[in-house]
Amino acid sequence: MDSTTLEVDGSVMEGGGQILRVSAALSCITGTAIKISKIRAGRTTPGLRPGHPNSMTKVTWPQHLCGLQLLRDICAGSLDGAAIGSTEITLNPGKITSGDHLADPQTAGSVGLLLQASLPCALFTDASTQLCLKGGTNAEMAPQIDYTVKVFKPTLEKFGVHFDCDVKMRGYYPKGGGEVVVTVNPIKQLSPVTMTERGTITKIYGRAFVAGVLPYKLAKDMSTAAVRTIRREIKDLYISIPSLQEKDQACGNGNGIIIIAESSTGCVFAGSSLGKKGVYADKVGIEAAEMLLRNLRHNGCVDEFLQDQLIIFMALASGTSRIRCGPVTLHTQTAIHVAEQLTQAKFTISQSDDDQTNNPTFIIECQGAGLSNPHL
Ligand SMILES: Nc1ncnc2c1ncn2[C@@H]1O[C@H](COP(=O)(O)OP(=O)(O)OP(=O)(O)O)[C@@H](O)[C@H]1O
């Protein structure tokens, strides 16, 4: 190993796939070679495979491996040790290149997580980049593609980041078969963001879907139960969660729901859930509704998922970003740890003292590294 190769410990804190995505993306952008060891040591099935404890499957979803290979392709680098089950990889980044790139985990590996790995890097190209991402568009323990489009994308626009998602086909566990083509515009430098004022919730909407052989009634039951649950706490807003039967543009069987809330200051939050064998549809709806409500009870500006997903962009931006959030998650702390290891960004977290509610909020502040795109 070269003495300039940075060692990343894949077992720290959350000890999961996110360490791979954040460190590999920053490796490509900064041109720093990295060796990641003890990959996903915090999981019951360590190494390069998703191994969600609830995945009930022997099928591997090489989402992590595929994400790393995609990054290697975008930065024309070399990747050593990357195979299913591997606990150690080395990534030597080359020059980031625009153009078309494909990632296909062959199964229901999450499209949202493939994008999470590759988007930051695709911003630092010389021209627009097309990412053809295959797999699961609505997968467990990952952003549903609707979350990416409705929550992640508008928030990233505050950093000056612009991308388009064309959902060509939806795909579900276990087969996948989904396809999303993402067009990413390069950027010279990311702007810092200030998201500290929640404002009031002005809109709640979503979608409840079934696909394949599953009965339409499941979608209706998810939607009805979700609306009823939200109504108990939020009485004065119309809630629109249409029930949808996915037809031509969906591969395989699946059902799920996502509910989105928007605030008067442009904050976006979501709660979501997917149907599982043996779980009643109304339970799926209630789970998503409770997730959303939990994230609206505090006065923060991001939900518990967006929190960790924004860390890399705060680290890259030029200047000071401030984001108010609810309890800081371990995923967020892990992303901060990795971002500070690979860039000059400095984060602080403080409890907000102007919070009058019983649900404390925290301000994540970041002095960004201000990385510039050398190709523009
Ligand atoms: N319901 C959800 N809505 C939006 N984003 C989600 C949701 N659930 C999880 N995420 C996001 O998905 C990512 C999951 O990262 P994590 O490292 O846990 O998963 P992983 O790569 O599949 O790895 P592992 O298999 O090791 O858990 C995080 O960024 C998290 O915020």
# chains A, B, ... in the order shown; residues from 1 in each chain; ligands from 1
>>> residues_near_ligand(ligand="ligand 1", cutoff="7 Å", atoms="only C-alpha atoms and all ligand atoms", output="PDB file with N, CA and C atoms, in the first residue's frame")
ATOM      1  N   GLY A  15     -20.948   1.382  11.307  1.00  0.00           N
ATOM      2  CA  GLY A  15     -20.279   0.164  10.809  1.00  0.00           C
ATOM      3  C   GLY A  15     -20.996  -0.519   9.654  1.00  0.00           C
ATOM      4  N   GLY A  16     -21.672   0.281   8.807  1.00  0.00           N
ATOM      5  CA  GLY A  16     -22.430  -0.320   7.698  1.00  0.00           C
ATOM      6  C   GLY A  16     -21.999   0.205   6.342  1.00  0.00           C
ATOM      7  N   GLY A  17     -22.913   0.037   5.365  1.00  0.00           N
ATOM      8  CA  GLY A  17     -22.609   0.371   3.976  1.00  0.00           C
ATOM      9  C   GLY A  17     -22.369   1.853   3.730  1.00  0.00           C
ATOM     10  N   GLN A  18     -22.937   2.689   4.589  1.00  0.00           N
ATOM     11  CA  GLN A  18     -22.803   4.130   4.383  1.00  0.00           C
ATOM     12  C   GLN A  18     -21.339   4.574   4.424  1.00  0.00           C
ATOM     13  N   ILE A  19     -20.520   3.911   5.243  1.00  0.00           N
ATOM     14  CA  ILE A  19     -19.087   4.267   5.332  1.00  0.00           C
ATOM     15  C   ILE A  19     -18.433   4.072   3.964  1.00  0.00           C
ATOM     16  N   ARG A  40     -18.321  -3.283   6.872  1.00  0.00           N
ATOM     17  CA  ARG A  40     -19.618  -3.639   7.445  1.00  0.00           C
ATOM     18  C   ARG A  40     -19.478  -4.593   8.626  1.00  0.00           C
ATOM     19  N   ARG A  43     -22.377  -5.266  11.000  1.00  0.00           N
ATOM     20  CA  ARG A  43     -23.569  -5.986  10.546  1.00  0.00           C
ATOM     21  C   ARG A  43     -23.428  -7.489  10.811  1.00  0.00           C
ATOM     22  N   ARG A  49     -21.786  -7.189   1.002  1.00  0.00           N
ATOM     23  CA  ARG A  49     -23.119  -7.640   0.610  1.00  0.00           C
ATOM     24  C   ARG A  49     -24.067  -6.876   1.501  1.00  0.00           C
ATOM     25  N   PRO A  50     -25.329  -6.755   1.099  1.00  0.00           N
ATOM     26  CA  PRO A  50     -26.197  -5.906   1.896  1.00  0.00           C
ATOM     27  C   PRO A  50     -26.558  -6.534   3.231  1.00  0.00           C
ATOM     28  N   GLY A  51     -26.949  -7.817   3.194  1.00  0.00           N
ATOM     29  CA  GLY A  51     -27.191  -8.542   4.431  1.00  0.00           C
ATOM     30  C   GLY A  51     -28.116  -7.865   5.426  1.00  0.00           C
ATOM     31  N   HIS A  52     -29.192  -7.222   4.955  1.00  0.00           N
ATOM     32  CA  HIS A  52     -30.135  -6.685   5.931  1.00  0.00           C
ATOM     33  C   HIS A  52     -30.656  -7.837   6.767  1.00  0.00           C
ATOM     34  N   HIS A  64     -23.604  -2.803  -2.585  1.00  0.00           N
ATOM     35  CA  HIS A  64     -22.357  -2.141  -2.166  1.00  0.00           C
ATOM     36  C   HIS A  64     -21.281  -2.308  -3.226  1.00  0.00           C
ATOM     37  N   LEU A 113     -29.654   4.018  -3.113  1.00  0.00           N
ATOM     38  CA  LEU A 113     -28.322   3.958  -2.492  1.00  0.00           C
ATOM     39  C   LEU A 113     -27.216   3.972  -3.550  1.00  0.00           C
ATOM     40  N   GLU A 140     -36.264  -1.898   0.963  1.00  0.00           N
ATOM     41  CA  GLU A 140     -36.244  -1.749   2.422  1.00  0.00           C
ATOM     42  C   GLU A 140     -34.998  -1.017   2.907  1.00  0.00           C
ATOM     43  N   MET A 141     -35.129  -0.285   3.979  1.00  0.00           N
ATOM     44  CA  MET A 141     -34.020   0.368   4.674  1.00  0.00           C
ATOM     45  C   MET A 141     -33.162   1.224   3.750  1.00  0.00           C
ATOM     46  N   ALA A 142     -33.831   1.892   2.841  1.00  0.00           N
ATOM     47  CA  ALA A 142     -33.154   2.726   1.847  1.00  0.00           C
ATOM     48  C   ALA A 142     -34.176   3.742   1.360  1.00  0.00           C
ATOM     49  N   PRO A 143     -33.719   4.847   0.766  1.00  0.00           N
ATOM     50  CA  PRO A 143     -34.708   5.792   0.241  1.00  0.00           C
ATOM     51  C   PRO A 143     -35.490   5.188  -0.914  1.00  0.00           C
ATOM     52  N   GLN A 144     -36.835   5.250  -0.848  1.00  0.00           N
ATOM     53  CA  GLN A 144     -37.621   4.879  -2.027  1.00  0.00           C
ATOM     54  C   GLN A 144     -37.315   5.925  -3.096  1.00  0.00           C
ATOM     55  N   TYR A 147     -38.768   9.139  -2.543  1.00  0.00           N
ATOM     56  CA  TYR A 147     -38.075   9.969  -1.540  1.00  0.00           C
ATOM     57  C   TYR A 147     -36.960  10.756  -2.224  1.00  0.00           C
ATOM     58  N   GLY A 271     -42.301   9.956   5.557  1.00  0.00           N
ATOM     59  CA  GLY A 271     -42.375   8.678   6.253  1.00  0.00           C
ATOM     60  C   GLY A 271     -42.743   7.664   5.192  1.00  0.00           C
ATOM     61  N   SER A 272     -42.182   6.463   5.274  1.00  0.00           N
ATOM     62  CA  SER A 272     -42.478   5.483   4.228  1.00  0.00           C
ATOM     63  C   SER A 272     -42.407   4.075   4.790  1.00  0.00           C
ATOM     64  N   SER A 273     -42.986   3.162   4.065  1.00  0.00           N
ATOM     65  CA  SER A 273     -42.925   1.762   4.478  1.00  0.00           C
ATOM     66  C   SER A 273     -43.266   0.881   3.279  1.00  0.00           C
ATOM     67  N   GLU A 304     -35.134  12.198   9.840  1.00  0.00           N
ATOM     68  CA  GLU A 304     -34.019  11.402  10.379  1.00  0.00           C
ATOM     69  C   GLU A 304     -33.150  10.771   9.286  1.00  0.00           C
ATOM     70  N   PHE A 305     -33.664  10.722   8.035  1.00  0.00           N
ATOM     71  CA  PHE A 305     -32.900  10.106   6.939  1.00  0.00           C
ATOM     72  C   PHE A 305     -32.130  11.159   6.141  1.00  0.00           C
ATOM     73  N   LEU A 306     -32.823  12.271   5.865  1.00  0.00           N
ATOM     74  CA  LEU A 306     -32.169  13.327   5.082  1.00  0.00           C
ATOM     75  C   LEU A 306     -30.935  13.838   5.832  1.00  0.00           C
ATOM     76  N   ASP A 308     -28.542  12.384   7.518  1.00  0.00           N
ATOM     77  CA  ASP A 308     -27.235  11.777   7.191  1.00  0.00           C
ATOM     78  C   ASP A 308     -26.898  11.951   5.714  1.00  0.00           C
ATOM     79  N   GLN A 309     -27.955  12.029   4.873  1.00  0.00           N
ATOM     80  CA  GLN A 309     -27.706  12.108   3.430  1.00  0.00           C
ATOM     81  C   GLN A 309     -27.158  13.471   3.010  1.00  0.00           C
ATOM     82  N   HIS A 331     -26.085   7.243  11.987  1.00  0.00           N
ATOM     83  CA  HIS A 331     -25.707   7.360  10.570  1.00  0.00           C
ATOM     84  C   HIS A 331     -25.097   8.746  10.302  1.00  0.00           C
TER      85      HIS A 331
END
>>> residues_around(residues="Gly99 in chain A", least_positions_apart="2", cutoff="9 Å", atoms="only C-alpha atoms", output="ChimeraX atom specification")
/A:74,97,101,125,127-131
>>> write_last_selection(atoms="C-alpha atoms", output="mmCIF file, in the first residue's frame")
data_model
loop_
_atom_site.group_PDB
_atom_site.id
_atom_site.type_symbol
_atom_site.label_atom_id
_atom_site.label_comp_id
_atom_site.auth_asym_id
_atom_site.auth_seq_id
_atom_site.Cartn_x
_atom_site.Cartn_y
_atom_site.Cartn_z
ATOM 1 C CA ILE A 74 -16.922 7.410 -12.999
ATOM 2 C CA THR A 97 -15.149 11.550 -16.450
ATOM 3 C CA HIS A 101 -22.434 4.882 -16.673
ATOM 4 C CA THR A 125 -17.238 16.142 -14.034
ATOM 5 C CA ALA A 127 -20.087 17.850 -18.602
ATOM 6 C CA SER A 128 -23.407 16.250 -17.825
ATOM 7 C CA THR A 129 -23.397 12.600 -16.741
ATOM 8 C CA GLN A 130 -26.065 9.950 -17.257
ATOM 9 C CA LEU A 131 -26.325 7.226 -14.663
#
>>> atom_distance(atom1="CA of Leu237 in chain A", atom2="CA of Asp146 in chain A")
21.5 Å
>>> closest_residue(among="A:Ser23, A:Thr5, A:Ser263, A:Gln63", to="Val338 in chain A", atoms="only C-alpha atoms")
A:Ser23
>>> closest_residue(among="A:Cys66, A:Ile96, A:Val227, A:Met314", to="Gly160 in chain A", atoms="only C-alpha atoms")
A:Met314
>>> residues_around(residues="Lys247 in chain A", least_positions_apart="2", cutoff="9 Å", atoms="only C-alpha atoms", output="list in words")
Val210, Ala211, Gly212, Gln245, Gln249, Ala250 and Cys251 of chain A
>>> select_by_dssp(residues="range 192-300 of chain A", states="alpha helix (DSSP H)", output="NGL selection string")
:A and (216-233 or 281-297)
>>> closest_residue(among="A:Ile323, A:Ala225, A:Ala117, A:Val167", to="Ile29 in chain A", atoms="only C-alpha atoms")
A:Ala117
>>> select_by_dssp(residues="range 184-214 of chain A", states="strand (DSSP E)", output="PyMOL selection string")
chain A and resi 184+194-195+201-211
>>> closest_residue(among="A:Ile39, A:Ala122, A:Met13, A:Ile201", to="Ile84 in chain A", atoms="only C-alpha atoms")
A:Ile39
>>> atom_distance(atom1="CA of Leu65 in chain A", atom2="CA of Gly177 in chain A")
17.5 Å
>>> atom_distance(atom1="CA of Lys134 in chain A", atom2="CA of Gly254 in chain A")
16.3 Å
>>> closest_residue(among="A:Thr155, A:Ser240, A:Asn359, A:Asn299", to="Thr200 in chain A", atoms="only C-alpha atoms")
A:Asn299
